[in-house]
Amino acid sequence: MIMSLASGMAAAQDTLTWASRISLGLAWLLFFLGFFVVIRWLWRKWHESRPSIHAGPPDPSWNSRPRPGQIWWADVPFSDGSGSKVRPCLVIRTHERAIEVLKITSQDKSGRRDCVAIPTKGWDKRSRKNSWLDLGQTYLLFDDAVGNIAGSCDAMTWSAVTRRHRTGWVYV
């Protein structure tokens, strides 16, 4: 009788251990599923509120803004932060109140891999030689730093730009 009682208790203990293992496994599964759902929800919320780049402007009111692919005269800061200079620049992204540009310089940059020649004939009639477009650093310029339109970028240079940078209209 004592033996059957002991074996009955051992069987109950094995059953309890088996049931607790299943419960613990289910608890972990629910925890990870819940964690995944929360992370996915946070990711979507973050992406919904974040501006993204689009192929065209959000509405006709943006049509007067500098367009990606256009060259504008603007006050572009020096890369070392020591000042700025009014120079031609290529618009690569247009925001609601700012533009992102690549600077154009007349100084020979043929030895640099992050610069490409940009024909000036179409937008600077005074120029006797091509200029250089610096593909390495973008500059965010607010509207008050932007002057007049100079012209448009040629297709070959624009192709080099789009291989290296995302271009377009930035809005939510």
# chains A, B, ... in the order shown; residues from 1 in each chain; ligands from 1

$ residues_around --residues "Glu96 (chain A)" --least-positions-apart "6" --cutoff "10 Å" --atoms "only C-alpha atoms" --output "list in words"
Pro57, Pro58, Trp62, Arg65, Phe142, Asp143, Trp169, Val170 and Tyr171 of chain A

$ write_last_selection --atoms "C-alpha atoms" --output "compact mmCIF listing (two decimals), in the first residue's frame"
# COMPACT_ATOMS: atom_id res chain seq x y z
CA PRO A 57 5.45 66.99 -54.78
CA PRO A 58 2.53 66.37 -52.39
CA TRP A 62 5.00 72.94 -53.88
CA ARG A 65 9.77 75.31 -54.80
CA PHE A 142 16.60 76.67 -45.46
CA ASP A 143 14.59 78.77 -47.88
CA TRP A 169 10.40 65.35 -52.51
CA VAL A 170 10.48 64.85 -48.73
CA TYR A 171 7.21 64.88 -46.78

$ select_by_dssp --residues "region 30-170 of chain A" --states "strand (DSSP E or B)" --output "PyMOL selection string"
chain A and resi 52-54+70-77+84-94+98-105+115-118+131-142+146-152+168-170

$ residues_around --residues "Thr162 (chain A)" --least-positions-apart "3" --cutoff "12 Å" --atoms "only C-alpha atoms" --output "count of residues only"
18

$ atom_distance --atom1 "CA of Asp144 (chain A)" --atom2 "CA of Asp75 (chain A)"
8.9 Å

$ closest_residue --among "A:Ile104, A:Asp80, A:Ala150, A:Arg113" --to "Asn130 (chain A)" --atoms "only C-alpha atoms"
A:Ile104

$ residues_around --residues "Pro66 (chain A)" --least-positions-apart "5" --cutoff "9 Å" --atoms "only C-alpha atoms" --output "PyMOL selection string"
chain A and resi 71-72+91+93-94+99+146+149

$ write_last_selection --atoms "N, CA and C atoms" --output "JSON list (two decimals), in the first residue's frame"
[["chain", "number", "residue", "atom", "x", "y", "z"],
["A", 71, "ILE", "N", 19.48, 73.56, -60.68],
["A", 71, "ILE", "CA", 20.65, 74.23, -60.11],
["A", 71, "ILE", "C", 20.22, 75.62, -59.66],
["A", 72, "TRP", "N", 20.51, 75.94, -58.41],
["A", 72, "TRP", "CA", 20.13, 77.23, -57.82],
["A", 72, "TRP", "C", 21.37, 77.90, -57.24],
["A", 91, "VAL", "N", 20.05, 70.79, -56.47],
["A", 91, "VAL", "CA", 19.02, 70.32, -55.54],
["A", 91, "VAL", "C", 18.83, 68.82, -55.75],
["A", 93, "ARG", "N", 17.04, 66.97, -52.96],
["A", 93, "ARG", "CA", 15.80, 66.68, -52.23],
["A", 93, "ARG", "C", 15.15, 68.01, -51.83],
["A", 94, "THR", "N", 13.82, 68.07, -51.96],
["A", 94, "THR", "CA", 13.07, 69.25, -51.60],
["A", 94, "THR", "C", 12.19, 68.94, -50.40],
["A", 99, "ILE", "N", 15.85, 72.75, -48.65],
["A", 99, "ILE", "CA", 16.29, 71.87, -49.73],
["A", 99, "ILE", "C", 17.61, 71.23, -49.32],
["A", 146, "VAL", "N", 18.39, 80.43, -50.10],
["A", 146, "VAL", "CA", 18.28, 80.08, -51.51],
["A", 146, "VAL", "C", 17.95, 81.33, -52.32],
["A", 149, "ILE", "N", 17.15, 80.67, -59.49],
["A", 149, "ILE", "CA", 17.43, 79.46, -60.26],
["A", 149, "ILE", "C", 18.48, 79.78, -61.32]]

$ atom_distance --atom1 "CA of Asp59 (chain A)" --atom2 "CA of Val161 (chain A)"
25.1 Å

$ select_by_dssp --residues "chain A" --states "alpha helix (DSSP H)" --output "number ranges by chain"
A: 2-49, 155-164

$ closest_residue --among "A:Ser64, A:His95, A:Glu100, A:Gly147" --to "Ser52 (chain A)" --atoms "only C-alpha atoms"
A:His95

$ atom_distance --atom1 "CA of Gln137 (chain A)" --atom2 "CA of Phe78 (chain A)"
10.8 Å

$ residues_around --residues "Trp73 (chain A)" --least-positions-apart "2" --cutoff "6 Å" --atoms "only C-alpha atoms" --output "list of chain:residue names"
A:Arg87, A:Pro88, A:Gly147, A:Asn148

$ residues_around --residues "Trp132 (chain A)" --least-positions-apart "3" --cutoff "9 Å" --atoms "only C-alpha atoms" --output "compact mmCIF listing (two decimals) with C-alpha atoms, in the first residue's frame"
# COMPACT_ATOMS: atom_id res chain seq x y z
CA LYS A 103 27.70 72.13 -53.99
CA ILE A 104 29.25 73.05 -57.32
CA THR A 105 32.73 74.54 -57.56
CA SER A 106 34.81 75.91 -60.42
CA GLN A 107 38.03 74.57 -58.84
CA ASP A 108 39.46 71.53 -60.61
CA LYS A 109 38.54 68.38 -58.66
CA SER A 110 39.51 65.85 -61.33
CA CYS A 115 33.48 64.75 -57.63
CA VAL A 116 32.18 64.69 -61.20
CA ALA A 117 32.46 67.24 -63.98
CA ILE A 118 29.24 69.16 -64.57
CA PRO A 119 28.70 71.03 -67.84
